[in-house]
Amino acid sequence: MPDVLIETREGWLAGRGAQFMAAIQDAISATLRTPVHDKILRLVQHARDDFAIPDWAGERFTHIEITMFPGRTVATKRALYKAIVENLQRFGVPANDVKIILIEVPRENVGMRGGHAASDFDIGYETAV
């Protein structure tokens with residue numbers, strides 16, 4: 001289950017935060033082949049003064065960090081980037097205003113399900129996609 005942190009400036013989503021996160025989750029589930037129900041997403045909407053963005057970026061600039069287990073191919077990662085950007089267009093986010101960073105953490109470095117290392121049990125999906 002990838003952990004996702006989404007950051008943007010406040011105001012423009014206008015109560016559509018849940019739909020925004022769902023659009024990102026849909027892209028993740030489709031491309032990484034993770035179960036739809038197995039998700040952790042956090043949406044942080046910063047005050048303008050608290051979120052400095054590049055000069056070339058617009059007000060809907062969206063910064064996404066996805067922490068996940070290693071194993072995906074470069075082609076899969078590229079498909080993920082494309083799917084997220086496409087899904088965010090329905091919210092008026094320009095393609096150039098999306099930055100996605102993947103952080104790959106070995107399974108033995110994640111404790112879950114009662115304090116067990118994720119490498120000690122079947123997580124329920126393949127990461128070699």
# chains A, B, ... in the order shown; residues from 1 in each chain; ligands from 1
$ select_by_dssp --residues "range 26-112 of chain A" --states "alpha helix (DSSP H)" --output "list in words"
Asp26, Ala27, Ile28, Ser29, Ala30, Thr31, Leu32, Val74, Ala75, Thr76, Lys77, Arg78, Ala79, Leu80, Tyr81, Lys82, Ala83, Ile84, Val85, Glu86, Asn87 and Leu88 of chain A
$ residues_around --residues "Ile103 in chain A" --least-positions-apart "3" --cutoff "12 Å" --atoms "only C-alpha atoms" --output "PDB file with N, CA and C atoms, in the first residue's frame"
ATOM      1  N   PRO A   2       0.929   1.932  -1.076  1.00  0.00           N
ATOM      2  CA  PRO A   2       1.692   3.178  -1.102  1.00  0.00           C
ATOM      3  C   PRO A   2       1.097   4.204  -0.134  1.00  0.00           C
ATOM      4  N   ASP A   3       1.979   4.974   0.492  1.00  0.00           N
ATOM      5  CA  ASP A   3       1.564   6.120   1.312  1.00  0.00           C
ATOM      6  C   ASP A   3       1.723   7.356   0.447  1.00  0.00           C
ATOM      7  N   VAL A   4       0.701   8.187   0.392  1.00  0.00           N
ATOM      8  CA  VAL A   4       0.702   9.323  -0.525  1.00  0.00           C
ATOM      9  C   VAL A   4       0.508  10.623   0.246  1.00  0.00           C
ATOM     10  N   LEU A   5       1.395  11.575  -0.005  1.00  0.00           N
ATOM     11  CA  LEU A   5       1.269  12.924   0.541  1.00  0.00           C
ATOM     12  C   LEU A   5       1.056  13.871  -0.631  1.00  0.00           C
ATOM     13  N   ILE A  64       3.305  15.846  -5.156  1.00  0.00           N
ATOM     14  CA  ILE A  64       2.865  14.527  -4.697  1.00  0.00           C
ATOM     15  C   ILE A  64       4.082  13.668  -4.384  1.00  0.00           C
ATOM     16  N   GLU A  65       4.127  13.135  -3.159  1.00  0.00           N
ATOM     17  CA  GLU A  65       5.159  12.174  -2.775  1.00  0.00           C
ATOM     18  C   GLU A  65       4.480  10.834  -2.542  1.00  0.00           C
ATOM     19  N   ILE A  66       4.991   9.813  -3.206  1.00  0.00           N
ATOM     20  CA  ILE A  66       4.437   8.469  -3.056  1.00  0.00           C
ATOM     21  C   ILE A  66       5.533   7.578  -2.488  1.00  0.00           C
ATOM     22  N   THR A  67       5.330   7.119  -1.266  1.00  0.00           N
ATOM     23  CA  THR A  67       6.260   6.204  -0.623  1.00  0.00           C
ATOM     24  C   THR A  67       5.727   4.798  -0.851  1.00  0.00           C
ATOM     25  N   MET A  68       6.578   3.945  -1.423  1.00  0.00           N
ATOM     26  CA  MET A  68       6.106   2.615  -1.812  1.00  0.00           C
ATOM     27  C   MET A  68       7.248   1.618  -1.751  1.00  0.00           C
ATOM     28  N   PHE A  69       6.894   0.344  -1.836  1.00  0.00           N
ATOM     29  CA  PHE A  69       7.900  -0.698  -1.877  1.00  0.00           C
ATOM     30  C   PHE A  69       8.555  -0.717  -3.254  1.00  0.00           C
ATOM     31  N   PRO A  70       9.849  -1.052  -3.331  1.00  0.00           N
ATOM     32  CA  PRO A  70      10.533  -1.098  -4.629  1.00  0.00           C
ATOM     33  C   PRO A  70      10.063  -2.277  -5.481  1.00  0.00           C
ATOM     34  N   GLY A  71      10.389  -2.196  -6.772  1.00  0.00           N
ATOM     35  CA  GLY A  71      10.120  -3.312  -7.668  1.00  0.00           C
ATOM     36  C   GLY A  71       9.464  -2.932  -8.975  1.00  0.00           C
ATOM     37  N   ARG A  72       8.903  -1.729  -9.051  1.00  0.00           N
ATOM     38  CA  ARG A  72       8.215  -1.327 -10.284  1.00  0.00           C
ATOM     39  C   ARG A  72       9.226  -0.979 -11.371  1.00  0.00           C
ATOM     40  N   LYS A  77       6.425   3.188 -13.770  1.00  0.00           N
ATOM     41  CA  LYS A  77       6.514   4.506 -13.126  1.00  0.00           C
ATOM     42  C   LYS A  77       6.091   5.610 -14.096  1.00  0.00           C
ATOM     43  N   ILE A 100       5.721  14.822  -9.153  1.00  0.00           N
ATOM     44  CA  ILE A 100       5.535  13.542  -8.475  1.00  0.00           C
ATOM     45  C   ILE A 100       6.908  12.997  -8.103  1.00  0.00           C
ATOM     46  N   PRO A 106      12.480  -0.260   1.286  1.00  0.00           N
ATOM     47  CA  PRO A 106      12.481  -1.718   1.364  1.00  0.00           C
ATOM     48  C   PRO A 106      11.432  -2.219   2.362  1.00  0.00           C
TER      49      PRO A 106
END
$ select_by_dssp --residues "chain A" --states "strand (DSSP E or B)" --output "PyMOL selection string"
chain A and resi 3-9+40-46+62-68+98-104+111-112+116-117
$ residues_around --residues "Phe121 in chain A" --least-positions-apart "3" --cutoff "12 Å" --atoms "only C-alpha atoms" --output "short mmCIF file (atom, residue, chain, number, x, y, z; two decimals) with N, CA and C atoms, in the first residue's frame"
data_model
loop_
_atom_site.label_atom_id
_atom_site.label_comp_id
_atom_site.auth_asym_id
_atom_site.auth_seq_id
_atom_site.Cartn_x
_atom_site.Cartn_y
_atom_site.Cartn_z
N ARG A 107 10.84 -3.35 2.07
CA ARG A 107 9.76 -3.88 2.91
C ARG A 107 10.20 -4.11 4.35
N GLU A 108 11.46 -4.45 4.56
CA GLU A 108 11.92 -4.68 5.94
C GLU A 108 11.98 -3.38 6.75
N VAL A 110 9.49 -1.22 6.91
CA VAL A 110 8.12 -0.79 7.19
C VAL A 110 7.50 -1.76 8.19
N GLY A 111 7.06 -1.21 9.33
CA GLY A 111 6.37 -2.01 10.34
C GLY A 111 4.88 -1.79 10.21
N MET A 112 4.11 -2.87 10.16
CA MET A 112 2.66 -2.76 9.99
C MET A 112 1.97 -4.03 10.47
N ARG A 113 0.67 -3.98 10.54
CA ARG A 113 -0.16 -5.13 10.90
C ARG A 113 0.34 -5.80 12.19
N GLY A 114 0.35 -5.03 13.24
CA GLY A 114 0.73 -5.57 14.54
C GLY A 114 2.21 -5.45 14.84
N GLY A 115 2.91 -4.58 14.13
CA GLY A 115 4.33 -4.36 14.38
C GLY A 115 5.25 -5.33 13.68
N HIS A 116 4.78 -5.95 12.63
CA HIS A 116 5.60 -6.88 11.86
C HIS A 116 6.24 -6.16 10.68
N ALA A 117 7.45 -6.58 10.32
CA ALA A 117 8.08 -6.04 9.12
C ALA A 117 7.26 -6.49 7.91
N ALA A 118 7.05 -5.59 6.97
CA ALA A 118 6.26 -5.92 5.78
C ALA A 118 6.90 -7.04 4.97
N GLY A 124 -0.29 -9.00 -0.25
CA GLY A 124 -1.53 -9.14 -1.00
C GLY A 124 -1.49 -8.65 -2.43
N TYR A 125 -0.33 -8.17 -2.88
CA TYR A 125 -0.20 -7.74 -4.27
C TYR A 125 1.27 -7.78 -4.67
#
$ residues_around --residues "Val74 in chain A" --least-positions-apart "6" --cutoff "12 Å" --atoms "only C-alpha atoms" --output "JSON, numbers by chain"
{"A": [31, 32, 80, 81, 102, 128, 129]}
$ write_last_selection --atoms "N, CA and C atoms" --output "compact mmCIF listing (two decimals), in the first residue's frame"
# COMPACT_ATOMS: atom_id res chain seq x y z
N THR A 31 -2.25 1.66 -12.24
CA THR A 31 -0.91 1.46 -12.79
C THR A 31 -0.02 0.57 -11.93
N LEU A 32 -0.12 0.69 -10.61
CA LEU A 32 0.72 -0.12 -9.73
C LEU A 32 0.05 -1.43 -9.34
N LEU A 80 2.42 5.63 -14.33
CA LEU A 80 1.85 6.25 -13.13
C LEU A 80 1.86 7.77 -13.24
N TYR A 81 2.99 8.34 -13.62
CA TYR A 81 3.08 9.80 -13.77
C TYR A 81 2.01 10.31 -14.74
N LEU A 102 8.72 9.70 -6.26
CA LEU A 102 8.58 8.35 -5.73
C LEU A 102 9.70 8.08 -4.73
N ALA A 128 6.45 -6.21 -8.40
CA ALA A 128 7.27 -6.33 -9.61
C ALA A 128 6.38 -6.18 -10.84
N VAL A 129 5.87 -4.97 -11.05
CA VAL A 129 5.02 -4.70 -12.21
C VAL A 129 5.61 -3.59 -13.05
$ residues_around --residues "Ala22 in chain A" --least-positions-apart "4" --cutoff "10 Å" --atoms "only C-alpha atoms" --output "PyMOL selection string"
chain A and resi 16-18+26-28+36+41+87
$ write_last_selection --atoms "C-alpha atoms" --output "PDB file, in the first residue's frame"
ATOM      1  CA  ARG A  16     -13.363  18.670  -3.665  1.00  0.00           C
ATOM      2  CA  GLY A  17     -10.493  17.239  -1.608  1.00  0.00           C
ATOM      3  CA  ALA A  18     -11.957  13.741  -1.383  1.00  0.00           C
ATOM      4  CA  ASP A  26      -7.427   5.610  -9.067  1.00  0.00           C
ATOM      5  CA  ALA A  27      -4.224   6.267 -11.031  1.00  0.00           C
ATOM      6  CA  ILE A  28      -2.123   4.461  -8.423  1.00  0.00           C
ATOM      7  CA  VAL A  36      -8.323   0.061  -4.310  1.00  0.00           C
ATOM      8  CA  LEU A  41      -3.561   9.428   1.274  1.00  0.00           C
ATOM      9  CA  ASN A  87      -6.663  12.440 -13.785  1.00  0.00           C
TER      10      ASN A  87
END
$ atom_distance --atom1 "CA of Ile123 in chain A" --atom2 "CA of Ile101 in chain A"
22.7 Å
$ atom_distance --atom1 "CA of Asp49 in chain A" --atom2 "CA of Thr8 in chain A"
11.8 Å
$ atom_distance --atom1 "CA of Thr76 in chain A" --atom2 "CA of Phe61 in chain A"
23.5 Å
$ residues_around --residues "Val93 in chain A" --least-positions-apart "2" --cutoff "12 Å" --atoms "only C-alpha atoms" --output "ChimeraX atom specification"
/A:8-9,12-13,20,57-63,84-91,95-99
$ closest_residue --among "A:Gly11, A:Asp55, A:Gln19, A:Met1" --to "His37 in chain A" --atoms "only C-alpha atoms"
A:Met1
